[in-house]
$ cat target.txt   # compact mmCIF, C-alpha atoms
# COMPACT_ATOMS: atom_id res chain seq x y z
CA MET A 28 0.00 0.00 0.00
CA ARG A 29 1.18 3.51 -0.74
CA THR A 30 1.92 6.17 1.86
CA PRO A 31 -1.14 8.34 2.66
CA LEU A 32 -0.94 11.76 1.05
CA ILE A 33 -3.28 13.67 3.38
CA THR A 34 -1.60 15.95 5.90
CA VAL A 35 -3.69 17.00 8.91
CA ARG A 36 -3.03 18.46 12.34
CA SER A 37 -2.81 15.75 14.98
CA GLY A 38 -5.59 15.84 17.56
CA LEU A 39 -7.66 18.25 15.49
CA VAL A 40 -11.05 16.61 16.01
CA GLU A 41 -12.89 17.21 19.29
CA HIS A 42 -15.15 14.67 21.01
CA ARG A 43 -18.69 14.55 22.37
CA ARG A 44 -21.01 12.17 24.15
CA LEU A 45 -23.46 10.41 21.84
CA GLY A 46 -26.77 11.82 23.04
CA GLN A 47 -27.20 11.13 26.74
CA SER A 48 -25.30 7.86 26.60
CA GLY A 49 -21.86 7.37 28.06
CA LEU A 50 -20.32 6.68 24.65
CA VAL A 51 -17.81 9.36 23.66
CA VAL A 52 -17.14 9.80 19.92
CA SER A 53 -15.38 12.25 17.65
CA ARG A 54 -17.66 15.10 16.57
CA LEU A 55 -16.99 14.18 12.96
CA ALA A 56 -17.66 10.66 11.67
CA LEU A 57 -15.87 9.11 8.71
CA GLY A 58 -18.39 7.86 6.16
CA THR A 59 -17.50 4.81 4.09
CA MET A 60 -20.46 4.47 1.73
CA GLY A 61 -18.16 4.87 -1.28
CA TRP A 62 -15.56 2.37 -0.14
CA GLY A 63 -15.36 -0.53 -2.55
CA ARG A 64 -17.27 1.40 -5.18
CA ASP A 65 -15.85 4.93 -5.53
CA CYS A 66 -12.71 4.34 -3.43
CA ASP A 67 -10.21 1.51 -3.70
CA GLU A 68 -8.33 0.10 -0.73
CA ASP A 69 -5.38 2.48 -1.11
CA VAL A 70 -7.65 5.54 -0.92
CA ALA A 71 -9.60 4.01 1.96
CA GLN A 72 -6.37 3.36 3.85
CA ALA A 73 -5.28 6.97 3.32
CA GLN A 74 -8.65 8.28 4.51
CA LEU A 75 -8.64 6.13 7.64
CA ALA A 76 -5.06 7.07 8.48
CA ALA A 77 -5.76 10.79 8.06
CA PHE A 78 -8.96 10.60 10.07
CA ARG A 79 -7.22 8.81 12.93
CA GLU A 80 -4.27 11.20 12.81
CA ALA A 81 -6.73 14.09 13.18
CA GLY A 82 -8.19 12.47 16.28
CA GLY A 83 -11.28 10.96 14.67
CA THR A 84 -12.73 7.79 16.17
CA LEU A 85 -16.27 7.27 14.80
CA ILE A 86 -16.51 5.26 11.55
CA ASP A 87 -19.87 4.83 9.81
CA THR A 88 -20.68 1.95 7.49
CA ALA A 89 -23.58 -0.39 6.63
CA ASP A 90 -24.10 -3.94 5.46
CA VAL A 91 -25.34 -2.76 2.05
CA TYR A 92 -22.56 -0.27 1.28
CA GLY A 93 -20.77 -1.62 -1.77
CA ASN A 94 -22.69 -4.88 -1.29
CA GLY A 95 -20.68 -5.46 1.86
CA GLU A 96 -17.35 -4.34 0.44
CA SER A 97 -17.22 -1.26 2.67
CA GLU A 98 -17.31 -3.43 5.80
CA ARG A 99 -14.82 -5.90 4.32
CA MET A 100 -12.33 -3.13 3.54
CA LEU A 101 -12.75 -1.59 6.99
CA GLY A 102 -12.23 -4.96 8.62
CA ALA A 103 -9.03 -5.51 6.65
CA LEU A 104 -7.72 -2.06 7.54
CA MET A 105 -8.41 -2.59 11.24
CA ARG A 106 -6.05 -5.56 11.47
CA GLY A 107 -3.66 -5.04 14.35
CA SER A 108 -4.31 -2.61 17.18
CA SER A 109 -6.64 -0.09 15.52
CA ARG A 110 -9.95 -1.79 16.46
CA ALA A 111 -9.72 -0.72 20.11
CA GLU A 112 -9.07 2.88 19.05
CA LEU A 113 -12.16 3.16 16.84
CA VAL A 114 -15.92 3.40 17.39
CA ILE A 115 -17.49 1.27 14.67
CA ALA A 116 -21.08 2.04 13.67
CA THR A 117 -22.92 -0.07 11.12
CA LYS A 118 -26.51 -0.51 9.98
CA ALA A 119 -28.89 -3.25 8.84
CA GLY A 120 -32.38 -3.39 7.39
CA ALA A 121 -32.10 -1.66 4.02
CA ARG A 122 -33.00 -3.64 0.90
CA SER A 123 -30.07 -5.82 -0.11
CA GLY A 124 -31.39 -7.55 -3.22
CA GLU A 125 -34.44 -8.90 -4.99
CA GLY A 126 -37.04 -11.12 -3.39
CA PRO A 127 -39.06 -11.11 -0.17
CA LEU A 128 -36.14 -12.14 2.06
CA SER A 129 -33.99 -9.19 0.94
CA THR A 130 -36.01 -6.52 2.68
CA GLY A 131 -37.63 -5.86 6.04
CA THR A 132 -36.48 -5.52 9.63
CA SER A 133 -37.56 -8.86 11.04
CA ARG A 134 -35.61 -10.47 13.86
CA ARG A 135 -34.42 -13.14 11.44
CA ARG A 136 -33.12 -10.70 8.86
CA LEU A 137 -31.57 -8.20 11.26
CA LEU A 138 -29.64 -10.74 13.33
CA ALA A 139 -28.43 -12.54 10.21
CA ALA A 140 -27.26 -9.19 8.85
CA LEU A 141 -25.42 -8.44 12.09
CA ASP A 142 -23.60 -11.78 11.93
CA GLY A 143 -22.60 -10.96 8.37
CA SER A 144 -21.35 -7.52 9.38
CA LEU A 145 -19.25 -8.93 12.22
CA ASN A 146 -17.72 -11.47 9.86
CA ARG A 147 -16.81 -8.83 7.27
CA LEU A 148 -15.51 -6.43 9.93
CA ARG A 149 -13.43 -9.18 11.55
CA THR A 150 -14.63 -8.27 15.02
CA ASP A 151 -16.81 -9.82 17.69
CA HIS A 152 -18.87 -6.67 18.28
CA VAL A 153 -19.83 -3.30 16.87
CA ASP A 154 -20.01 -0.21 19.04
CA LEU A 155 -23.21 1.14 17.49
CA TRP A 156 -25.74 -0.93 15.53
CA GLN A 157 -28.59 0.92 13.82
CA VAL A 158 -31.79 -0.04 12.04
CA HIS A 159 -31.20 1.47 8.60
CA THR A 160 -34.81 2.31 7.81
CA TRP A 161 -38.37 1.95 9.07
CA HIS A 162 -40.26 -1.00 7.62
CA PRO A 163 -44.07 -0.80 7.82
CA ASP A 164 -44.62 -4.55 7.37
CA THR A 165 -42.51 -5.57 10.36
CA PRO A 166 -43.89 -5.14 13.90
CA LEU A 167 -41.85 -2.47 15.65
CA GLU A 168 -41.68 -4.63 18.79
CA GLU A 169 -39.99 -7.40 16.81
CA THR A 170 -37.45 -5.02 15.30
CA LEU A 171 -36.56 -3.55 18.68
CA ALA A 172 -36.36 -6.98 20.30
CA ALA A 173 -33.60 -7.80 17.82
CA LEU A 174 -31.70 -4.75 19.05
CA ASP A 175 -32.15 -5.88 22.65
CA TYR A 176 -30.78 -9.31 21.80
CA ALA A 177 -27.80 -7.84 19.95
CA VAL A 178 -26.85 -5.89 23.08
CA SER A 179 -27.55 -8.69 25.59
CA SER A 180 -25.53 -11.15 23.51
CA GLY A 181 -22.57 -8.76 23.41
CA ARG A 182 -22.56 -8.31 19.64
CA ALA A 183 -23.52 -4.61 19.88
CA ARG A 184 -22.62 -2.14 22.62
CA TYR A 185 -25.22 0.52 21.73
CA VAL A 186 -28.15 0.72 19.33
CA GLY A 187 -29.96 3.38 17.34
CA VAL A 188 -32.14 4.04 14.30
CA SER A 189 -31.81 5.75 10.94
CA ASN A 190 -34.24 7.47 8.57
CA TYR A 191 -37.11 7.34 11.09
CA SER A 192 -39.72 10.11 11.05
CA GLY A 193 -40.51 12.09 14.19
CA TRP A 194 -43.38 9.90 15.36
CA GLN A 195 -41.47 6.74 14.54
CA THR A 196 -38.47 7.97 16.53
CA ALA A 197 -40.64 8.90 19.52
CA LYS A 198 -42.58 5.62 19.44
CA ALA A 199 -39.46 3.47 19.21
CA SER A 200 -37.64 5.36 21.94
CA ALA A 201 -40.63 5.31 24.28
CA HIS A 202 -41.02 1.55 23.77
CA GLN A 203 -37.40 0.95 24.74
CA ARG A 204 -37.60 3.19 27.80
CA SER A 205 -40.91 1.75 29.02
CA THR A 206 -39.43 -1.47 30.43
CA PRO A 207 -36.21 -1.88 32.45
CA GLY A 208 -33.63 -4.01 30.71
CA ARG A 209 -34.38 -2.94 27.16
CA ALA A 210 -31.54 -1.33 25.21
CA PRO A 211 -32.16 2.43 24.93
CA LEU A 212 -31.89 4.07 21.55
CA VAL A 213 -28.91 6.41 21.74
CA SER A 214 -28.79 7.79 18.20
CA THR A 215 -30.67 8.59 15.03
CA GLN A 216 -28.98 8.99 11.66
CA MET A 217 -30.75 11.38 9.29
CA GLU A 218 -30.05 13.54 6.26
CA TYR A 219 -29.38 17.06 7.54
CA SER A 220 -27.73 20.07 5.94
CA LEU A 221 -28.37 23.68 4.98
CA LEU A 222 -30.29 22.26 2.01
CA ALA A 223 -32.23 19.65 3.99
CA ARG A 224 -33.61 21.03 7.25
CA GLY A 225 -36.95 19.24 7.30
CA ILE A 226 -35.99 17.12 10.31
CA GLU A 227 -36.07 20.25 12.46
CA ARG A 228 -39.87 20.11 12.44
CA GLU A 229 -40.31 16.85 14.37
CA VAL A 230 -37.27 14.54 14.31
CA VAL A 231 -34.91 16.91 16.13
CA PRO A 232 -37.41 17.68 18.93
CA ALA A 233 -38.11 13.95 19.29
CA ALA A 234 -34.38 13.17 19.49
CA ILE A 235 -33.77 15.88 22.08
CA ASP A 236 -36.70 14.66 24.19
CA ALA A 237 -35.43 11.06 24.00
CA GLY A 238 -31.79 11.96 24.70
CA MET A 239 -30.65 10.64 21.33
CA GLY A 240 -27.63 12.00 19.48
CA LEU A 241 -28.13 13.02 15.85
CA LEU A 242 -25.68 11.74 13.23
CA PRO A 243 -26.34 13.80 10.07
CA TRP A 244 -25.63 12.14 6.75
CA SER A 245 -24.89 14.21 3.65
CA PRO A 246 -24.03 17.40 5.60
CA LEU A 247 -22.85 18.92 2.30
CA GLY A 248 -26.31 18.66 0.74
CA ARG A 249 -25.34 15.66 -1.41
CA GLY A 250 -22.20 17.56 -2.42
CA VAL A 251 -23.99 20.66 -3.71
CA LEU A 252 -22.84 22.90 -0.83
CA ALA A 253 -19.23 22.43 -1.93
CA GLY A 254 -20.10 25.01 -4.57
CA THR A 255 -18.91 23.16 -7.67
CA TYR A 256 -22.30 22.70 -9.35
CA GLY A 257 -24.51 25.02 -11.35
CA ARG A 258 -28.31 24.97 -11.37
CA ALA A 259 -28.74 21.99 -13.66
CA ARG A 260 -27.37 18.48 -13.81
CA GLU A 261 -26.07 19.16 -17.32
CA SER A 262 -23.71 21.82 -15.94
CA ALA A 263 -22.01 19.47 -13.48
CA PRO A 264 -18.24 19.06 -13.90
CA ALA A 265 -17.09 15.82 -15.53
CA GLY A 266 -16.29 13.20 -12.92
CA SER A 267 -18.51 14.76 -10.26
CA ARG A 268 -21.37 12.97 -8.51
CA ALA A 269 -24.01 14.98 -10.33
CA ALA A 270 -22.56 13.99 -13.69
CA SER A 271 -22.44 10.28 -12.92
CA PRO A 272 -25.19 7.84 -13.94
CA THR A 273 -25.09 6.32 -10.44
CA TRP A 274 -25.42 9.51 -8.38
CA GLY A 275 -26.93 12.04 -10.80
CA ARG A 276 -30.53 11.48 -9.73
CA PHE A 277 -29.48 11.61 -6.07
CA VAL A 278 -27.94 15.07 -6.48
CA GLU A 279 -30.42 16.57 -8.95
CA PRO A 280 -33.18 17.56 -6.44
CA TYR A 281 -30.79 20.11 -4.93
CA LEU A 282 -29.79 21.74 -8.22
CA THR A 283 -32.49 24.40 -7.97
CA ASP A 284 -32.74 28.18 -7.81
CA GLU A 285 -33.68 27.96 -4.13
CA SER A 286 -30.63 25.83 -3.37
CA SER A 287 -28.37 28.13 -5.36
CA ARG A 288 -29.25 31.01 -3.02
CA VAL A 289 -28.10 28.94 -0.06
CA VAL A 290 -24.95 27.86 -1.90
CA GLU A 291 -24.13 31.48 -2.70
CA ALA A 292 -24.59 32.47 0.94
CA VAL A 293 -22.18 29.69 1.97
CA ARG A 294 -19.67 30.89 -0.64
CA THR A 295 -19.93 34.46 0.66
CA ALA A 296 -19.41 33.33 4.24
CA ALA A 297 -16.45 31.18 3.26
CA LYS A 298 -14.80 34.02 1.38
CA GLY A 299 -15.21 36.37 4.32
CA LEU A 300 -13.77 33.85 6.76
CA GLY A 301 -10.95 32.75 4.46
CA VAL A 302 -12.03 29.11 4.49
CA SER A 303 -13.69 26.70 2.06
CA PRO A 304 -17.46 26.39 1.55
CA VAL A 305 -17.11 22.77 2.69
CA ALA A 306 -15.79 23.89 6.09
CA VAL A 307 -18.62 26.40 6.51
CA ALA A 308 -21.36 23.92 5.63
CA ILE A 309 -20.04 21.22 7.95
CA ALA A 310 -19.38 23.61 10.84
CA TRP A 311 -22.95 24.89 10.58
CA VAL A 312 -24.56 21.45 10.88
CA ARG A 313 -22.03 20.21 13.45
CA ASP A 314 -23.13 22.83 15.97
CA ARG A 315 -26.90 22.49 15.53
CA PRO A 316 -29.07 21.29 18.45
CA ALA A 317 -28.96 17.51 19.09
CA VAL A 318 -26.11 16.94 16.61
CA THR A 319 -23.28 14.74 17.82
CA ALA A 320 -21.27 14.12 14.64
CA PRO A 321 -21.88 14.88 10.95
CA ILE A 322 -20.82 12.00 8.71
CA ILE A 323 -18.21 13.16 6.21
CA GLY A 324 -17.80 11.00 3.11
CA ALA A 325 -15.18 11.58 0.45
CA ARG A 326 -14.13 10.10 -2.89
CA THR A 327 -10.65 11.61 -2.78
CA GLU A 328 -8.04 12.43 -0.19
CA ALA A 329 -8.37 16.15 -0.93
CA GLN A 330 -12.12 16.05 -0.27
CA LEU A 331 -11.56 14.48 3.14
CA ALA A 332 -8.88 17.04 4.01
CA ALA A 333 -11.33 19.85 3.16
CA SER A 334 -13.97 18.34 5.44
CA LEU A 335 -11.51 17.95 8.32
CA GLU A 336 -10.68 21.66 8.05
CA SER A 337 -14.13 22.36 9.50
CA GLU A 338 -12.79 21.38 12.93
CA GLU A 339 -10.72 24.57 12.96
CA LEU A 340 -13.81 26.71 12.39
CA THR A 341 -16.49 28.03 14.72
CA LEU A 342 -18.96 30.18 12.83
CA PRO A 343 -19.47 33.73 14.18
CA ALA A 344 -23.02 34.33 15.43
CA SER A 345 -23.75 36.82 12.63
CA ILE A 346 -22.81 34.35 9.89
CA ARG A 347 -24.64 31.49 11.57
CA SER A 348 -27.77 33.67 11.78
CA ALA A 349 -27.51 34.68 8.13
CA LEU A 350 -27.21 31.04 7.05
CA ASP A 351 -30.14 30.13 9.28
CA ASP A 352 -32.29 32.77 7.60
CA VAL A 353 -31.45 31.97 3.97
CA SER A 354 -32.03 28.24 4.47
CA ALA A 355 -34.94 28.31 6.93
CA PRO A 356 -37.53 25.56 6.35
CA GLU A 357 -41.23 26.31 6.39
CA ILE A 358 -42.53 25.59 9.88
CA GLY A 359 -46.11 26.25 10.94
CA TYR A 360 -49.03 24.46 12.51
CA PRO A 361 -48.86 22.09 14.35
CA GLU A 362 -45.17 22.67 15.18
CA ARG A 363 -46.07 26.29 15.96
CA LEU A 364 -49.47 26.89 17.43
CA PRO A 365 -51.30 29.99 16.15
CA TRP A 366 -51.84 31.29 19.66
CA GLY A 367 -48.38 30.37 21.00
$ encode --input "target.txt" --output "structure tokens"
Amino acid sequence: MRTPLITVRSGLVEHRRLGQSGLVVSRLALGTMGWGRDCDEDVAQAQLAAFREAGGTLIDTADVYGNGESERMLGALMRGSSRAELVIATKAGARSGEGPLSTGTSRRRLLAALDGSLNRLRTDHVDLWQVHTWHPDTPLEETLAALDYAVSSGRARYVGVSNYSGWQTAKASAHQRSTPGRAPLVSTQMEYSLLARGIEREVVPAAIDAGMGLLPWSPLGRGVLAGTYGRARESAPAGSRAASPTWGRFVEPYLTDESSRVVEAVRTAAKGLGVSPVAVAIAWVRDRPAVTAPIIGARTEAQLAASLESEELTLPASIRSALDDVSAPEIGYPERLPWG
């Protein structure tokens, strides 16, 4: 393997408790969704080395990322002493193929997925195991019982959810807290950025009430907040996510006039502060209520280095307020009562 090319300041990343649990994690998480698909093992090794050098500990993956290749690569890179120095978070429950047995969050499917994750990661436990998505055809009690068993059997230290709505988050958390001995939900992983603030209506209040830490995915608005795109998919630079057949449709919803106003505000703030738009966007979401650690994913070493620079930035109140205003989501009844 080649020598990593990323240079970062040692100990750069600060740490926080995950919600109200006792688990302490870095306030940036390294995302690995592209490992095995957009990143080969050399790039993954460089990313992991740079993240650890900067003081990062929380690594996010899932059983479906790269059809399991993300977990396999992470497991290979953790050989030696690094496992004890990392907080490994993975997920299960997303569709993994065709057919009725490739979807759902049944006890059978979730526990089989966890065994598969542990095998690929070459470890006997994960630090945080999360249900990847809500599944309406599986009884919630059955899904949560699988989480309880994962903790009681020692295969998971903590558990959480991902992509749950506000009422789903509240219902699941209340169920776990209603009976002593059940594993509390300590986290929820949701899309959250200056271009996607919808979770502020109900998910964030539910997480705060339940003492759950928020792990935002796509804090750069699916890459758009980096400021490299125009207002149409056709204008995307060659080699970018928006220009790719795989990711183009994922990015396209944010290539709008409304989004461009937010992107321009981020650019203006970055220029005034002498930093990159990436650093501004990540610093904004990192310091929002309930947030523990934004998940930073990168295809290249330079992209990761730009994201890590956010740890040297605390947004001034005036800039934070301006970004809040330009990106504010529509919130009304019933979140705000007309007589309140």
$ residues_around --input "target.txt" --residues "Trp244 in chain A" --least-positions-apart "5" --cutoff "10 Å" --atoms "all atoms listed in the file" --output "VMD selection string"
chain A and resid 56 58 87 189 to 190 216 to 220 249 320 to 324
$ residues_around --input "target.txt" --residues "range 158-162 of chain A" --least-positions-apart "4" --cutoff "10 Å" --atoms "only C-alpha atoms" --output "ChimeraX atom specification"
/A:89-91,117-122,130-133,137,166-167,170-171,173-174,186-192,195-196,215-217
$ residues_around --input "target.txt" --residues "range 36-45 of chain A" --least-positions-apart "6" --cutoff "10 Å" --atoms "only C-alpha atoms" --output "PyMOL selection string"
chain A and resi 51-56+77-85+213-214+238-242+317-320+335-339
$ residues_near_point --input "target.txt" --point "(-27.2, 6.6, 30.4)" --cutoff "9 Å" --atoms "only C-alpha atoms" --output "PDB file with C-alpha atoms, in the frame of the given file"
ATOM      1  CA  GLN A  47     -27.200  11.130  26.740  1.00  0.00           C
ATOM      2  CA  SER A  48     -25.300   7.860  26.600  1.00  0.00           C
ATOM      3  CA  GLY A  49     -21.860   7.370  28.060  1.00  0.00           C
ATOM      4  CA  LEU A  50     -20.320   6.680  24.650  1.00  0.00           C
ATOM      5  CA  PRO A 211     -32.160   2.430  24.930  1.00  0.00           C
ATOM      6  CA  VAL A 213     -28.910   6.410  21.740  1.00  0.00           C
TER       7      VAL A 213
END
$ residues_around --input "target.txt" --residues "Gly301 in chain A" --least-positions-apart "4" --cutoff "12 Å" --atoms "all atoms listed in the file" --output "number ranges by chain"
A: 293-297, 305-307, 336-337, 339-340, 342
$ write_last_selection --input "target.txt" --atoms "C-alpha atoms" --output "PDB file, keeping the file's coordinate frame"
ATOM      1  CA  VAL A 293     -22.180  29.690   1.970  1.00  0.00           C
ATOM      2  CA  ARG A 294     -19.670  30.890  -0.640  1.00  0.00           C
ATOM      3  CA  THR A 295     -19.930  34.460   0.660  1.00  0.00           C
ATOM      4  CA  ALA A 296     -19.410  33.330   4.240  1.00  0.00           C
ATOM      5  CA  ALA A 297     -16.450  31.180   3.260  1.00  0.00           C
ATOM      6  CA  VAL A 305     -17.110  22.770   2.690  1.00  0.00           C
ATOM      7  CA  ALA A 306     -15.790  23.890   6.090  1.00  0.00           C
ATOM      8  CA  VAL A 307     -18.620  26.400   6.510  1.00  0.00           C
ATOM      9  CA  GLU A 336     -10.680  21.660   8.050  1.00  0.00           C
ATOM     10  CA  SER A 337     -14.130  22.360   9.500  1.00  0.00           C
ATOM     11  CA  GLU A 339     -10.720  24.570  12.960  1.00  0.00           C
ATOM     12  CA  LEU A 340     -13.810  26.710  12.390  1.00  0.00           C
ATOM     13  CA  LEU A 342     -18.960  30.180  12.830  1.00  0.00           C
TER      14      LEU A 342
END
$ closest_residue --input "target.txt" --among "A:Ala292, A:Ile226, A:Ala73, A:Leu113" --to "Ser354 in chain A" --atoms "only C-alpha atoms"
A:Ala292
$ axis_aligned_box --input "target.txt" --around "range 133-136 of chain A" --padding-each-side "3 Å" --output "AutoDock Vina command-line options"
--center_x -35.3 --center_y -11.0 --center_z 11.4 --size_x 10.4 --size_y 10.3 --size_z 11.0
$ closest_residue --input "target.txt" --among "A:Leu300, A:Leu247, A:Leu138, A:Leu331" --to "Gln74 in chain A" --atoms "only C-alpha atoms"
A:Leu331
$ residues_around --input "target.txt" --residues "Arg147 in chain A" --least-positions-apart "2" --cutoff "7 Å" --atoms "all atoms listed in the file" --output "ChimeraX atom specification"
/A:98-99,102,143-145,149
$ closest_residue --input "target.txt" --among "A:Leu221, A:Ala308, A:Ala210, A:Leu364" --to "Ala183 in chain A" --atoms "only C-alpha atoms"
A:Ala210
$ closest_residue --input "target.txt" --among "A:Ile115, A:Ala237, A:Ala172, A:Ala223" --to "Ser200 in chain A" --atoms "all atoms listed in the file"
A:Ala237
$ atom_distance --input "target.txt" --atom1 "CA of Asp151 in chain A" --atom2 "CA of Ser180 in chain A"
10.6 Å
$ atom_distance --input "target.txt" --atom1 "CA of Gly248 in chain A" --atom2 "CA of Tyr281 in chain A"
7.4 Å
$ atom_distance --input "target.txt" --atom1 "CA of Gly93 in chain A" --atom2 "CA of Gly63 in chain A"
5.6 Å
$ closest_residue --input "target.txt" --among "A:Arg288, A:Arg184, A:Arg228, A:Arg313" --to "Pro356 in chain A" --atoms "all atoms listed in the file"
A:Arg228
$ closest_residue --input "target.txt" --among "A:Pro304, A:Gly250, A:Gly225, A:Gly107" --to "Ala355 in chain A" --atoms "all atoms listed in the file"
A:Gly225
